[in-house]
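To be precise, the following lines are work03.cif, and they hold mmCIF, C-alpha atoms.
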```
data_protein
loop_
_atom_site.label_atom_id
_atom_site.label_comp_id
_atom_site.auth_asym_id
_atom_site.auth_seq_id
_atom_site.Cartn_x
_atom_site.Cartn_y
_atom_site.Cartn_z
CA MET A 1 23.57 9.91 35.80
CA LEU A 2 23.84 13.40 34.35
CA ASN A 3 24.99 12.00 31.02
CA VAL A 4 22.00 9.65 30.87
CA LEU A 5 19.67 12.57 31.57
CA ILE A 6 21.28 14.66 28.86
CA VAL A 7 20.92 11.86 26.32
CA PHE A 8 17.30 11.32 27.32
CA LEU A 9 16.48 15.01 26.97
CA ALA A 10 18.24 15.17 23.62
CA VAL A 11 16.26 12.20 22.33
CA MET A 12 12.98 13.69 23.54
CA ALA A 13 13.83 17.02 21.92
CA PHE A 14 14.57 15.24 18.65
CA LEU A 15 11.28 13.31 18.82
CA THR A 16 9.40 16.51 19.58
CA LEU A 17 10.99 18.14 16.54
CA LEU A 18 9.95 15.20 14.38
CA THR A 19 6.42 15.33 15.74
CA MET A 20 6.14 19.04 14.98
CA HIS A 21 7.48 18.67 11.44
CA GLU A 22 5.60 15.83 9.76
CA GLY A 23 7.42 16.30 6.48
CA LEU A 24 10.72 15.62 8.25
CA VAL A 25 9.37 12.32 9.64
CA GLU A 26 8.18 11.29 6.22
CA ARG A 27 11.42 12.14 4.43
CA MET A 28 13.58 10.41 7.04
CA PHE A 29 11.56 7.28 7.75
CA ILE A 30 8.74 6.74 5.26
CA PHE A 31 9.21 7.76 1.63
CA PHE A 32 12.15 6.49 -0.44
CA PRO A 33 11.29 7.29 -4.06
CA THR A 34 13.53 6.88 -7.08
CA SER A 35 13.06 8.78 -10.34
CA ARG A 36 14.78 6.52 -12.86
CA LEU A 37 12.70 3.82 -14.50
CA ASP A 38 15.01 0.81 -14.41
CA TYR A 39 12.72 -1.49 -16.40
CA LEU A 40 10.05 -1.17 -19.07
CA PRO A 41 6.89 -3.23 -19.66
CA SER A 42 8.27 -4.61 -22.93
CA GLN A 43 11.07 -6.31 -20.98
CA TYR A 44 8.39 -8.38 -19.23
CA GLY A 45 6.43 -9.10 -22.38
CA LEU A 46 3.70 -6.69 -21.33
CA ASN A 47 1.58 -4.71 -23.75
CA CYS A 48 0.80 -1.64 -21.65
CA GLN A 49 -0.81 1.69 -22.25
CA GLU A 50 1.28 4.53 -20.83
CA ILE A 51 -0.93 7.01 -19.03
CA PHE A 52 -0.46 10.42 -17.46
CA PHE A 53 -3.29 11.69 -15.28
CA THR A 54 -3.68 14.65 -12.94
CA THR A 55 -4.62 15.11 -9.30
CA PRO A 56 -7.20 17.69 -8.17
CA THR A 57 -4.28 19.95 -7.23
CA GLY A 58 -2.82 19.74 -10.74
CA LEU A 59 0.08 17.30 -10.32
CA ARG A 60 0.83 15.05 -13.29
CA LEU A 61 1.16 11.38 -12.32
CA HIS A 62 2.47 8.46 -14.34
CA ALA A 63 0.92 5.01 -14.76
CA TRP A 64 0.95 1.86 -16.86
CA TYR A 65 -2.28 0.06 -17.66
CA ALA A 66 -2.40 -3.56 -18.81
CA GLU A 67 -5.92 -4.17 -20.04
CA ALA A 68 -7.68 -7.50 -19.59
CA ALA A 69 -10.74 -8.93 -21.32
CA PRO A 70 -13.89 -6.74 -21.26
CA LYS A 71 -15.60 -6.76 -17.87
CA ALA A 72 -12.70 -8.70 -16.27
CA PRO A 73 -11.52 -7.45 -12.85
CA VAL A 74 -8.75 -4.87 -12.80
CA ILE A 75 -6.21 -4.50 -9.99
CA LEU A 76 -5.60 -0.93 -8.88
CA TYR A 77 -2.19 -1.50 -7.34
CA CYS A 78 -0.70 0.77 -4.64
CA HIS A 79 2.99 -0.05 -4.33
CA GLY A 80 5.24 0.27 -1.28
CA ASN A 81 7.38 3.16 -0.10
CA GLY A 82 10.54 2.56 -2.15
CA GLY A 83 11.53 2.65 -5.81
CA ASN A 84 8.81 3.20 -8.41
CA ILE A 85 6.44 1.29 -10.68
CA SER A 86 9.25 -0.06 -12.86
CA HIS A 87 10.22 -2.31 -9.93
CA ARG A 88 6.72 -3.85 -9.80
CA LEU A 89 6.48 -5.04 -13.39
CA GLY A 90 7.05 -8.66 -12.38
CA ILE A 91 3.93 -8.44 -10.21
CA MET A 92 2.00 -6.84 -13.05
CA ALA A 93 3.08 -9.65 -15.38
CA ALA A 94 1.96 -12.28 -12.85
CA PHE A 95 -1.50 -10.71 -12.52
CA ARG A 96 -1.82 -10.55 -16.31
CA LYS A 97 -0.80 -14.19 -16.61
CA VAL A 98 -3.90 -15.21 -14.63
CA GLY A 99 -6.16 -12.95 -16.69
CA LEU A 100 -6.48 -9.84 -14.52
CA GLY A 101 -6.04 -6.28 -15.69
CA VAL A 102 -3.62 -4.04 -13.78
CA PHE A 103 -3.37 -0.29 -13.28
CA LEU A 104 0.07 0.43 -11.83
CA PHE A 105 0.70 4.07 -10.87
CA ASP A 106 3.38 6.12 -9.17
CA TYR A 107 2.66 8.49 -6.31
CA ARG A 108 3.85 12.07 -6.47
CA GLY A 109 7.64 12.27 -6.40
CA TYR A 110 8.09 8.67 -7.59
CA GLY A 111 9.28 7.76 -11.08
CA LEU A 112 7.93 10.22 -13.66
CA SER A 113 5.25 11.63 -11.36
CA GLN A 114 5.49 15.25 -10.33
CA GLY A 115 5.57 16.61 -6.80
CA VAL A 116 6.85 15.66 -3.36
CA PRO A 117 5.27 12.77 -1.43
CA SER A 118 3.29 13.31 1.76
CA GLU A 119 0.71 11.27 3.61
CA ASN A 120 -2.30 13.27 2.47
CA GLY A 121 -0.74 13.63 -0.96
CA VAL A 122 -0.42 9.90 -1.67
CA TYR A 123 -3.99 9.37 -0.49
CA GLU A 124 -5.05 11.99 -3.02
CA ASP A 125 -2.96 10.29 -5.72
CA ALA A 126 -4.73 6.95 -5.18
CA ARG A 127 -8.13 8.64 -5.40
CA ALA A 128 -7.06 10.34 -8.64
CA ALA A 129 -6.01 6.94 -10.04
CA TYR A 130 -9.37 5.46 -9.09
CA ARG A 131 -11.25 8.35 -10.70
CA TYR A 132 -9.24 7.87 -13.89
CA LEU A 133 -10.24 4.20 -14.03
CA VAL A 134 -13.91 5.08 -13.63
CA THR A 135 -14.25 8.29 -15.64
CA GLU A 136 -11.63 7.87 -18.39
CA LEU A 137 -11.36 4.10 -18.81
CA GLY A 138 -15.03 3.44 -18.12
CA LEU A 139 -14.59 0.77 -15.45
CA SER A 140 -17.36 0.09 -12.98
CA PRO A 141 -16.52 -0.02 -9.26
CA GLN A 142 -17.40 -3.74 -9.28
CA GLN A 143 -14.55 -4.36 -11.71
CA ILE A 144 -11.96 -2.68 -9.49
CA ALA A 145 -10.04 -4.65 -6.87
CA ILE A 146 -7.86 -2.35 -4.80
CA ALA A 147 -4.54 -3.90 -3.74
CA GLY A 148 -1.60 -2.54 -1.79
CA HIS A 149 1.75 -3.74 -0.54
CA SER A 150 3.30 -2.60 2.75
CA LEU A 151 2.78 1.19 3.01
CA GLY A 152 0.72 0.88 -0.14
CA GLY A 153 -1.65 -1.32 1.83
CA VAL A 154 -2.43 1.57 4.15
CA ILE A 155 -3.04 3.76 1.09
CA ALA A 156 -5.30 1.05 -0.35
CA VAL A 157 -7.32 0.92 2.88
CA ASP A 158 -7.80 4.68 2.78
CA LEU A 159 -8.97 4.50 -0.84
CA ALA A 160 -11.38 1.60 -0.17
CA SER A 161 -12.86 3.57 2.73
CA ARG A 162 -13.73 6.41 0.32
CA GLU A 163 -14.62 4.67 -2.94
CA PRO A 164 -16.67 1.53 -3.75
CA CYS A 165 -14.74 -1.47 -5.03
CA ARG A 166 -15.02 -5.22 -5.63
CA ALA A 167 -12.43 -6.34 -3.09
CA LEU A 168 -9.45 -5.21 -1.03
CA ILE A 169 -6.12 -7.08 -0.95
CA LEU A 170 -3.42 -6.09 1.54
CA GLU A 171 0.05 -7.59 1.34
CA SER A 172 2.56 -7.17 4.18
CA THR A 173 0.60 -4.26 5.62
CA PHE A 174 0.90 -2.77 9.11
CA THR A 175 -1.47 -1.09 11.54
CA ASN A 176 0.10 2.38 11.85
CA VAL A 177 3.49 4.07 11.88
CA GLY A 178 3.48 4.18 15.69
CA ASP A 179 3.38 0.39 15.91
CA MET A 180 6.13 0.14 13.30
CA GLY A 181 8.23 2.60 15.30
CA ARG A 182 7.76 0.51 18.41
CA TYR A 183 8.99 -2.57 16.51
CA TYR A 184 12.16 -0.81 15.35
CA PHE A 185 12.73 1.50 18.33
CA ALA A 186 11.18 -0.29 21.30
CA TRP A 187 12.84 2.07 23.79
CA LEU A 188 11.26 5.21 22.29
CA PRO A 189 7.64 6.40 22.73
CA THR A 190 7.02 6.33 18.97
CA ARG A 191 3.84 4.31 19.35
CA TRP A 192 2.14 7.27 21.01
CA LEU A 193 3.80 10.03 19.00
CA TRP A 194 3.06 8.63 15.54
CA ARG A 195 0.15 6.23 15.97
CA ASP A 196 -2.10 8.49 13.86
CA LYS A 197 0.31 8.53 10.92
CA PHE A 198 -0.68 6.11 8.18
CA ASN A 199 -3.31 4.63 10.46
CA ALA A 200 -4.86 1.66 8.66
CA VAL A 201 -6.84 0.59 11.73
CA ARG A 202 -9.03 3.69 11.80
CA ARG A 203 -9.99 3.28 8.14
CA ILE A 204 -10.41 -0.50 8.01
CA GLN A 205 -12.75 -0.91 11.00
CA PRO A 206 -15.92 0.27 9.20
CA LEU A 207 -15.06 -1.44 5.88
CA LYS A 208 -17.57 -4.06 4.73
CA VAL A 209 -15.84 -4.86 1.43
CA PRO A 210 -14.35 -8.41 1.21
CA LYS A 211 -10.77 -8.25 2.49
CA LEU A 212 -7.78 -10.55 2.00
CA LEU A 213 -4.73 -9.87 4.17
CA VAL A 214 -1.56 -11.69 3.14
CA HIS A 215 1.68 -11.76 5.14
CA GLY A 216 4.99 -13.54 4.75
CA GLU A 217 5.77 -15.82 7.65
CA CYS A 218 9.40 -14.63 7.66
CA ASP A 219 8.78 -10.91 7.15
CA ARG A 220 11.45 -8.99 9.06
CA ILE A 221 10.48 -5.53 7.76
CA VAL A 222 6.81 -5.55 8.74
CA PRO A 223 6.47 -8.39 11.26
CA CYS A 224 3.67 -10.83 10.70
CA TYR A 225 2.09 -10.03 14.07
CA LEU A 226 1.27 -6.50 12.88
CA GLY A 227 -0.51 -7.90 9.82
CA LYS A 228 -2.43 -10.27 12.08
CA LYS A 229 -3.29 -7.41 14.43
CA LEU A 230 -4.72 -5.42 11.53
CA PHE A 231 -6.70 -8.48 10.45
CA ASP A 232 -8.11 -9.01 13.94
CA LEU A 233 -9.34 -5.40 14.03
CA ALA A 234 -10.95 -5.59 10.59
CA PRO A 235 -14.64 -6.52 10.24
CA GLU A 236 -15.98 -9.47 8.24
CA PRO A 237 -15.85 -10.57 5.49
CA LYS A 238 -12.10 -11.20 5.71
CA ILE A 239 -9.41 -13.84 5.16
CA PHE A 240 -5.88 -13.99 6.55
CA TYR A 241 -3.30 -15.89 4.52
CA GLN A 242 0.15 -16.45 6.03
CA LEU A 243 2.58 -17.48 3.30
CA ALA A 244 5.17 -19.94 4.64
CA GLY A 245 8.78 -19.13 3.82
CA ALA A 246 8.04 -15.67 2.43
CA GLY A 247 9.58 -12.41 3.58
CA HIS A 248 8.50 -8.85 2.91
CA ASN A 249 9.28 -8.39 -0.77
CA ASN A 250 9.07 -11.90 -2.22
CA LEU A 251 5.47 -13.01 -1.79
CA ASP A 252 5.17 -13.26 -5.58
CA VAL A 253 8.36 -15.32 -5.91
CA VAL A 254 7.65 -17.71 -3.03
CA GLY A 255 3.96 -18.04 -3.87
CA GLY A 256 4.49 -18.40 -7.63
CA ASP A 257 1.61 -19.00 -10.03
CA ALA A 258 -0.46 -20.71 -7.33
CA TYR A 259 -0.42 -17.52 -5.26
CA PHE A 260 -1.78 -15.36 -8.08
CA LEU A 261 -4.42 -17.95 -8.94
CA PHE A 262 -5.47 -17.81 -5.28
CA LEU A 263 -5.74 -14.01 -5.49
CA LYS A 264 -7.76 -14.31 -8.68
CA ARG A 265 -10.20 -16.76 -7.07
CA PHE A 266 -10.63 -14.44 -4.11
CA ILE A 267 -11.43 -11.50 -6.39
CA GLU A 268 -13.83 -13.53 -8.54
CA THR A 269 -15.79 -14.76 -5.51
CA ALA A 270 -15.72 -11.44 -3.64
CA PRO A 271 -19.34 -10.53 -4.50
CA GLU A 272 -20.50 -13.84 -2.99
CA LYS A 273 -18.61 -13.08 0.22
CA ARG A 274 -20.23 -9.65 0.39
CA VAL A 275 -23.73 -11.13 -0.05
CA ALA A 276 -23.04 -13.91 2.46
CA LYS A 277 -22.17 -11.40 5.16
#
```

Show the structure stored in the file as structure tokens.
Amino acid sequence: MLNVLIVFLAVMAFLTLLTMHEGLVERMFIFFPTSRLDYLPSQYGLNCQEIFFTTPTGLRLHAWYAEAAPKAPVILYCHGNGGNISHRLGIMAAFRKVGLGVFLFDYRGYGLSQGVPSENGVYEDARAAYRYLVTELGLSPQQIAIAGHSLGGVIAVDLASREPCRALILESTFTNVGDMGRYYFAWLPTRWLWRDKFNAVRRIQPLKVPKLLVHGECDRIVPCYLGKKLFDLAPEPKIFYQLAGAGHNNLDVVGGDAYFLFLKRFIETAPEKRVAK
């Protein structure tokens, strides 16, 4: 009995330490950046503009921009917590194939971007990317569809809650870190300790922009029920699309061209959904 108590106290002390030091939580459980660019746009047949832009705090961030036809929608893509933008070039190529522009950027500490990632920091990075699209590239908010995968979906929700956009697309996105912790560590009180970290629920509830939430039926990293929970808590207009046979990182592969055509149709009809609601 004494040993059980000692283990319990040790675990609680460790969790308290993590709660007190947010950066430690993020480095251990959330951010997994890599610096090396393993692939280049040319390897995917992409004609991209390489861009470096700065955050309000002076960090230099890296991006690739694949331009579409004038006035065509552009995807501002917020990637997940691992790797860097070179690992999302297949997704960029698929969006371009259906005629959409793509702005693919790396958060601080990822790829060629300066700095160290943090929750508030990556939110700031997404806002800086949006401002670059509007002020430097001359895009209107109605051209910009904000999309995010996994953790990037939470970042996309935060951005859409602050800036006007055409539509919001969330792939394999969760509610908050607390719910994710409960999924992985059911015996620990992580749901209550970390529920305010990367909290998509708080930001999505007032959002009136048309929303498409996509989740792989076989996702074992972010379970489908968390995507459905986020959808249930989101206001209209909204669509939930469960992709049969897909996991966490292969929505594009399983869905193929039909999936990206579906995304394009959603984006093109987003203004109608907004008016209808």

Ref. answer, residues at most 8 Å from (-0.4, -2.3, 2.2) with only C-alpha atoms, as a ChimeraX atom specification: /A:78-80,147-157,170-174

Each residue of segment 63-130 of chain A lying at most 9 Å from segment 41-50 of chain A should get a row with its shortest atom-to-atom pair and the distance in Å to one decimal, counting all atoms listed in the file; could you produce that, ordered by chain and increasing number, as a tab-separated table?
```
residue	atom	partner	partner_atom	distance
A:Ala63	CA	A:Glu50	CA	6.1
A:Trp64	CA	A:Glu50	CA	4.8
A:Tyr65	CA	A:Gln49	CA	5.1
A:Ala66	CA	A:Cys48	CA	4.7
A:Glu67	CA	A:Cys48	CA	7.4
A:Ser86	CA	A:Pro41	CA	7.9
A:Leu89	CA	A:Pro41	CA	6.5
A:Gly90	CA	A:Tyr44	CA	7.0
A:Met92	CA	A:Leu46	CA	8.5
A:Ala93	CA	A:Leu46	CA	6.7
A:Arg96	CA	A:Leu46	CA	8.4
```

Explicit residue set for the PyMOL selection byres ((chain A and resi 117) around 9), as a PyMOL selection string: chain A and resi 23+26-27+31+33+107-110+115-116+118-122

Selected residues written out with C-alpha atoms, as a PDB file, keeping the file's coordinate frame:
```
ATOM      1  CA  GLY A  23       7.420  16.300   6.480  1.00  0.00           C
ATOM      2  CA  GLU A  26       8.180  11.290   6.220  1.00  0.00           C
ATOM      3  CA  ARG A  27      11.420  12.140   4.430  1.00  0.00           C
ATOM      4  CA  PHE A  31       9.210   7.760   1.630  1.00  0.00           C
ATOM      5  CA  PRO A  33      11.290   7.290  -4.060  1.00  0.00           C
ATOM      6  CA  TYR A 107       2.660   8.490  -6.310  1.00  0.00           C
ATOM      7  CA  ARG A 108       3.850  12.070  -6.470  1.00  0.00           C
ATOM      8  CA  GLY A 109       7.640  12.270  -6.400  1.00  0.00           C
ATOM      9  CA  TYR A 110       8.090   8.670  -7.590  1.00  0.00           C
ATOM     10  CA  GLY A 115       5.570  16.610  -6.800  1.00  0.00           C
ATOM     11  CA  VAL A 116       6.850  15.660  -3.360  1.00  0.00           C
ATOM     12  CA  SER A 118       3.290  13.310   1.760  1.00  0.00           C
ATOM     13  CA  GLU A 119       0.710  11.270   3.610  1.00  0.00           C
ATOM     14  CA  ASN A 120      -2.300  13.270   2.470  1.00  0.00           C
ATOM     15  CA  GLY A 121      -0.740  13.630  -0.960  1.00  0.00           C
ATOM     16  CA  VAL A 122      -0.420   9.900  -1.670  1.00  0.00           C
TER      17      VAL A 122
END
```

Residues matched by the PyMOL selection byres ((chain A and resi 251) around 10), written as a count of residues only: 23

Let me have the centre and edge lengths in Å, one decimal, of the box along x, y and z around every listed atom of segment 61-78 of chain A with 5 Å of margin on each side, as JSON.
```
{"center_x": -6.6, "center_y": 1.2, "center_z": -13.0, "size_x": 28.1, "size_y": 30.3, "size_z": 26.7}
```
